[in-house]
Amino acid sequence: MASQRSGGELAQALAVCRPAMRRFAYTLVGPEHADDLVQDAAERAWRKQKLFDPTRGSAQAWLLAIVADRARQRWRRTQPAWQELHPEALVIPESSVAAVDLTRAVTCLPARQRAAVVLHYFVDLPIADIAELLGCAPGTVKSQLHDARMALEKALGDSYAND
Amino acid sequence: MPTIDDRLRDTGQAWREHVDAGAPQAIRPSTRARPSRHTRRTVLVAAAAVVVAGVGIPVAGVLARRAADHNGSSGGFAASCAGPQLQLAGEREHPGAAVVRAGQTLTVTGRFYLDSCQDTNHAPEPHPLTVGISLRGHGRTVLLRTVRAHGSLGTFRASVRIPADWPAGKTTLTTRTSGAQAAVAEGLPRQPLKLTVVN
């Protein structure tokens, strides 16, 4: 059942979630269009605020889902937006060779594992929000993260093995 | 020795610092700074006047391009937008030539029948178009029906009947769009639906 949210509550949620929205947008559309996508999503959220149902998930998950949906529509994709990662999304200027190797290995992961890693370690989202975005159970996200770590260890060599 | 988890956390932290450093201070006002309709019309009229006066096509071209840029619809198409797509209902993304019988009714679906390509920050919100579905082959084209696409993805689903007297052989199901900005969609790449008709 949809809840009635006041504009003040949404403004507060937007202020709190804006960093995560921008980081997520950055991974989807890159640095050039991230701010526009966040703005677009914020306008959409404002218009659709009555549709937010807190029993179905957090405000952050709802806002991130709107970001993903706006990205998908903007680029006319039918598949979920998280399946794509912008080529410049994980570029960190003046980073170490190890970090470059790691981000390159992350981009080579299967789409679902890559999305879980990017959303958890880079965008810094909680497991529950990632599960909602990817449309799966939290346990599945944990499993994807485990598999991704194994794959990264294998790809990067023994120096990254667990202690 | 750091674990892969540690490495990911450290790299993620560095990435967030880089990304957050470029963030604006606040969400910007919802109204985008766009030139008024009057301004755009004035520039377009000026460009047309230059052409009529024969002053020179290059000058008019620059003015027209500037007007188009302000309008958000330059007439060009970036590769990032998918063109209109037509397919048989239930078929996969890239089906082979389907075999149909003359007189048979087919259900076709379409998507991305929109009047603009929102691939730049200046592009307006796309609107669905009216789509004419035609059968082309053997030197003739027959309009089977016209439908209205809908939604933000410009989708439609329609039943069309292959004429009973349609000759056997290879033929194509094509679409044409109409509406205020039909020319935009017409310029986008598309792939007709290939059919083989049997009697």
# chains A, B, ... in the order shown; residues from 1 in each chain; ligands from 1
call {"tool": "closest_atom_pairs", "arguments": {"of": "chain A", "to": "chain B", "cutoff": "9 Å", "atoms": "only C-alpha atoms", "output": "tab-separated table"}}
result
residue	atom	partner	partner_atom	distance
A:Leu14	CA	B:Ile27	CA	8.9
A:Ala15	CA	B:Ala26	CA	8.3
A:Arg18	CA	B:Ile27	CA	8.2
A:Pro19	CA	B:Asp20	CA	7.2
A:Arg22	CA	B:Ala23	CA	7.8
A:Arg23	CA	B:Val19	CA	6.8
A:Tyr26	CA	B:Val19	CA	7.8
A:Pro31	CA	B:Val19	CA	8.2
A:His33	CA	B:Asn121	CA	7.8
A:Asp35	CA	B:Ala23	CA	7.7
A:Asp36	CA	B:Asn121	CA	7.3
A:Val38	CA	B:Ile27	CA	8.2
A:Gln39	CA	B:Ile27	CA	6.6
A:Asp40	CA	B:Ser30	CA	8.4
A:Ala42	CA	B:Ile27	CA	8.3
A:Glu43	CA	B:Ser30	CA	6.8
A:Gln73	CA	B:Leu153	CA	7.0
A:Arg74	CA	B:Gln118	CA	6.0
A:Trp75	CA	B:Cys81	CA	6.0
A:Arg76	CA	B:Cys81	CA	6.3
A:Arg77	CA	B:Ala82	CA	8.0
A:Thr78	CA	B:Leu153	CA	8.7
A:Leu90	CA	B:Trp15	CA	7.1
A:Val91	CA	B:Trp15	CA	7.8
A:Ile92	CA	B:Trp15	CA	5.9
A:Pro93	CA	B:His18	CA	7.8
A:Ser95	CA	B:Ala14	CA	8.3
A:Ala98	CA	B:Arg7	CA	8.8
A:Ala99	CA	B:Thr11	CA	6.2
A:Leu102	CA	B:Leu8	CA	7.7
A:Thr103	CA	B:Thr11	CA	8.1
A:Val117	CA	B:Leu8	CA	8.4
A:Val118	CA	B:Gly12	CA	8.2
A:His120	CA	B:Gly12	CA	8.8
A:Tyr121	CA	B:Gly12	CA	5.2
A:Phe122	CA	B:Gly12	CA	4.1
A:Val123	CA	B:Arg16	CA	7.1
A:Asp124	CA	B:Gly12	CA	7.8
A:Arg149	CA	B:Ile4	CA	6.5
A:Met150	CA	B:Ile4	CA	8.7
A:Leu152	CA	B:Ile4	CA	7.5
A:Glu153	CA	B:Ile4	CA	6.6
A:Ser159	CA	B:Met1	CA	7.6
A:Tyr160	CA	B:Ile4	CA	5.2
A:Ala161	CA	B:Thr3	CA	5.9
A:Asn162	CA	B:Thr3	CA	4.8
A:Asp163	CA	B:Thr3	CA	6.5
call {"tool": "select_by_dssp", "arguments": {"residues": "stretch 131-188 of chain B", "states": "strand (DSSP E or B)", "output": "mmCIF file with C-alpha atoms, in the first residue's frame"}}
result
data_model
loop_
_atom_site.group_PDB
_atom_site.id
_atom_site.type_symbol
_atom_site.label_atom_id
_atom_site.label_comp_id
_atom_site.auth_asym_id
_atom_site.auth_seq_id
_atom_site.Cartn_x
_atom_site.Cartn_y
_atom_site.Cartn_z
ATOM 1 C CA VAL B 131 3.147 3.841 -36.918
ATOM 2 C CA GLY B 132 1.961 2.575 -40.282
ATOM 3 C CA ILE B 133 2.662 -1.143 -40.809
ATOM 4 C CA SER B 134 3.109 -2.087 -44.457
ATOM 5 C CA LEU B 135 3.841 -5.200 -46.442
ATOM 6 C CA ARG B 136 6.383 -4.688 -49.180
ATOM 7 C CA GLY B 137 7.378 -7.078 -51.946
ATOM 8 C CA ARG B 140 4.213 -3.168 -54.382
ATOM 9 C CA THR B 141 3.602 -1.877 -50.906
ATOM 10 C CA VAL B 142 0.335 -2.352 -49.028
ATOM 11 C CA LEU B 143 -0.515 -0.513 -45.834
ATOM 12 C CA LEU B 144 -1.944 -3.119 -43.465
ATOM 13 C CA ARG B 145 -2.853 -0.924 -40.508
ATOM 14 C CA THR B 146 -1.883 2.074 -38.449
ATOM 15 C CA VAL B 147 -1.260 1.943 -34.715
ATOM 16 C CA ARG B 148 -0.239 4.379 -32.039
ATOM 17 C CA HIS B 150 2.759 4.349 -26.350
ATOM 18 C CA THR B 155 5.988 0.267 -27.794
ATOM 19 C CA PHE B 156 2.980 -1.220 -29.574
ATOM 20 C CA ARG B 157 1.403 -4.592 -30.244
ATOM 21 C CA ALA B 158 -0.811 -5.091 -33.261
ATOM 22 C CA SER B 159 -2.413 -7.828 -35.303
ATOM 23 C CA VAL B 160 -1.992 -7.582 -39.071
ATOM 24 C CA ARG B 161 -3.396 -9.839 -41.768
ATOM 25 C CA GLY B 169 7.912 -15.640 -51.881
ATOM 26 C CA LYS B 170 10.079 -13.339 -49.879
ATOM 27 C CA THR B 171 8.535 -10.160 -48.558
ATOM 28 C CA THR B 172 9.123 -7.658 -45.786
ATOM 29 C CA LEU B 173 6.990 -6.058 -43.139
ATOM 30 C CA THR B 174 8.024 -2.442 -42.737
ATOM 31 C CA THR B 175 6.913 0.550 -40.742
ATOM 32 C CA ARG B 176 6.578 4.230 -41.396
ATOM 33 C CA THR B 177 5.972 6.787 -38.741
ATOM 34 C CA SER B 178 3.936 9.944 -38.743
#
call {"tool": "select_by_dssp", "arguments": {"residues": "stretch 12-126 of chain A", "states": "alpha helix (DSSP H)", "output": "ChimeraX atom specification"}}
result
/A:12-47,59-74,97-107,111-117
call {"tool": "closest_residue", "arguments": {"among": "A:Ala68, A:Met21, A:Ala116, A:Ala155", "to": "A:Gly139", "atoms": "only C-alpha atoms"}}
result
A:Ala116
call {"tool": "atom_distance", "arguments": {"atom1": "atom CA of A:Lys50", "atom2": "atom CA of A:Leu125"}}
result
24.1 Å
call {"tool": "atom_distance", "arguments": {"atom1": "atom CA of A:Cys17", "atom2": "atom CA of A:Leu64"}}
result
8.6 Å
call {"tool": "atom_distance", "arguments": {"atom1": "atom CA of A:Arg44", "atom2": "atom CA of B:Leu86"}}
result
29.1 Å
call {"tool": "decode", "arguments": {"residues": "stretch 48-65 of chain A", "atoms": "N, CA and C atoms", "output": "short mmCIF file (atom, residue, chain, number, x, y, z; two decimals), in the first residue's frame"}}
result
data_model
loop_
_atom_site.label_atom_id
_atom_site.label_comp_id
_atom_site.auth_asym_id
_atom_site.auth_seq_id
_atom_site.Cartn_x
_atom_site.Cartn_y
_atom_site.Cartn_z
N LYS A 48 6.59 11.20 -8.29
CA LYS A 48 6.04 9.88 -7.97
C LYS A 48 6.13 9.55 -6.49
N GLN A 49 6.28 10.56 -5.64
CA GLN A 49 6.57 10.28 -4.24
C GLN A 49 5.46 9.49 -3.55
N LYS A 50 4.23 9.62 -4.04
CA LYS A 50 3.14 8.89 -3.40
C LYS A 50 3.24 7.39 -3.64
N LEU A 51 4.04 7.00 -4.60
CA LEU A 51 4.18 5.57 -4.90
C LEU A 51 5.18 4.87 -3.98
N PHE A 52 5.92 5.64 -3.22
CA PHE A 52 6.91 5.02 -2.34
C PHE A 52 6.22 4.27 -1.21
N ASP A 53 6.61 3.02 -1.06
CA ASP A 53 6.04 2.18 -0.01
C ASP A 53 7.18 1.72 0.91
N PRO A 54 7.28 2.27 2.12
CA PRO A 54 8.40 1.92 3.00
C PRO A 54 8.41 0.47 3.42
N THR A 55 7.26 -0.22 3.28
CA THR A 55 7.25 -1.64 3.67
C THR A 55 7.98 -2.50 2.64
N ARG A 56 8.21 -1.94 1.47
CA ARG A 56 8.87 -2.73 0.41
C ARG A 56 10.37 -2.49 0.34
N GLY A 57 10.86 -1.55 1.10
CA GLY A 57 12.30 -1.29 1.07
C GLY A 57 12.61 0.12 1.52
N SER A 58 13.88 0.42 1.60
CA SER A 58 14.30 1.72 2.10
C SER A 58 14.09 2.81 1.04
N ALA A 59 14.09 4.05 1.51
CA ALA A 59 13.97 5.19 0.58
C ALA A 59 15.16 5.21 -0.37
N GLN A 60 16.32 4.83 0.14
CA GLN A 60 17.51 4.84 -0.71
C GLN A 60 17.38 3.82 -1.86
N ALA A 61 16.87 2.64 -1.52
CA ALA A 61 16.68 1.63 -2.57
C ALA A 61 15.69 2.11 -3.62
N TRP A 62 14.64 2.78 -3.15
CA TRP A 62 13.63 3.31 -4.08
C TRP A 62 14.23 4.37 -4.99
N LEU A 63 14.99 5.28 -4.41
CA LEU A 63 15.61 6.35 -5.21
C LEU A 63 16.64 5.78 -6.19
N LEU A 64 17.39 4.79 -5.75
CA LEU A 64 18.38 4.18 -6.65
C LEU A 64 17.69 3.43 -7.79
N ALA A 65 16.56 2.82 -7.47
CA ALA A 65 15.80 2.13 -8.53
C ALA A 65 15.31 3.14 -9.57
#
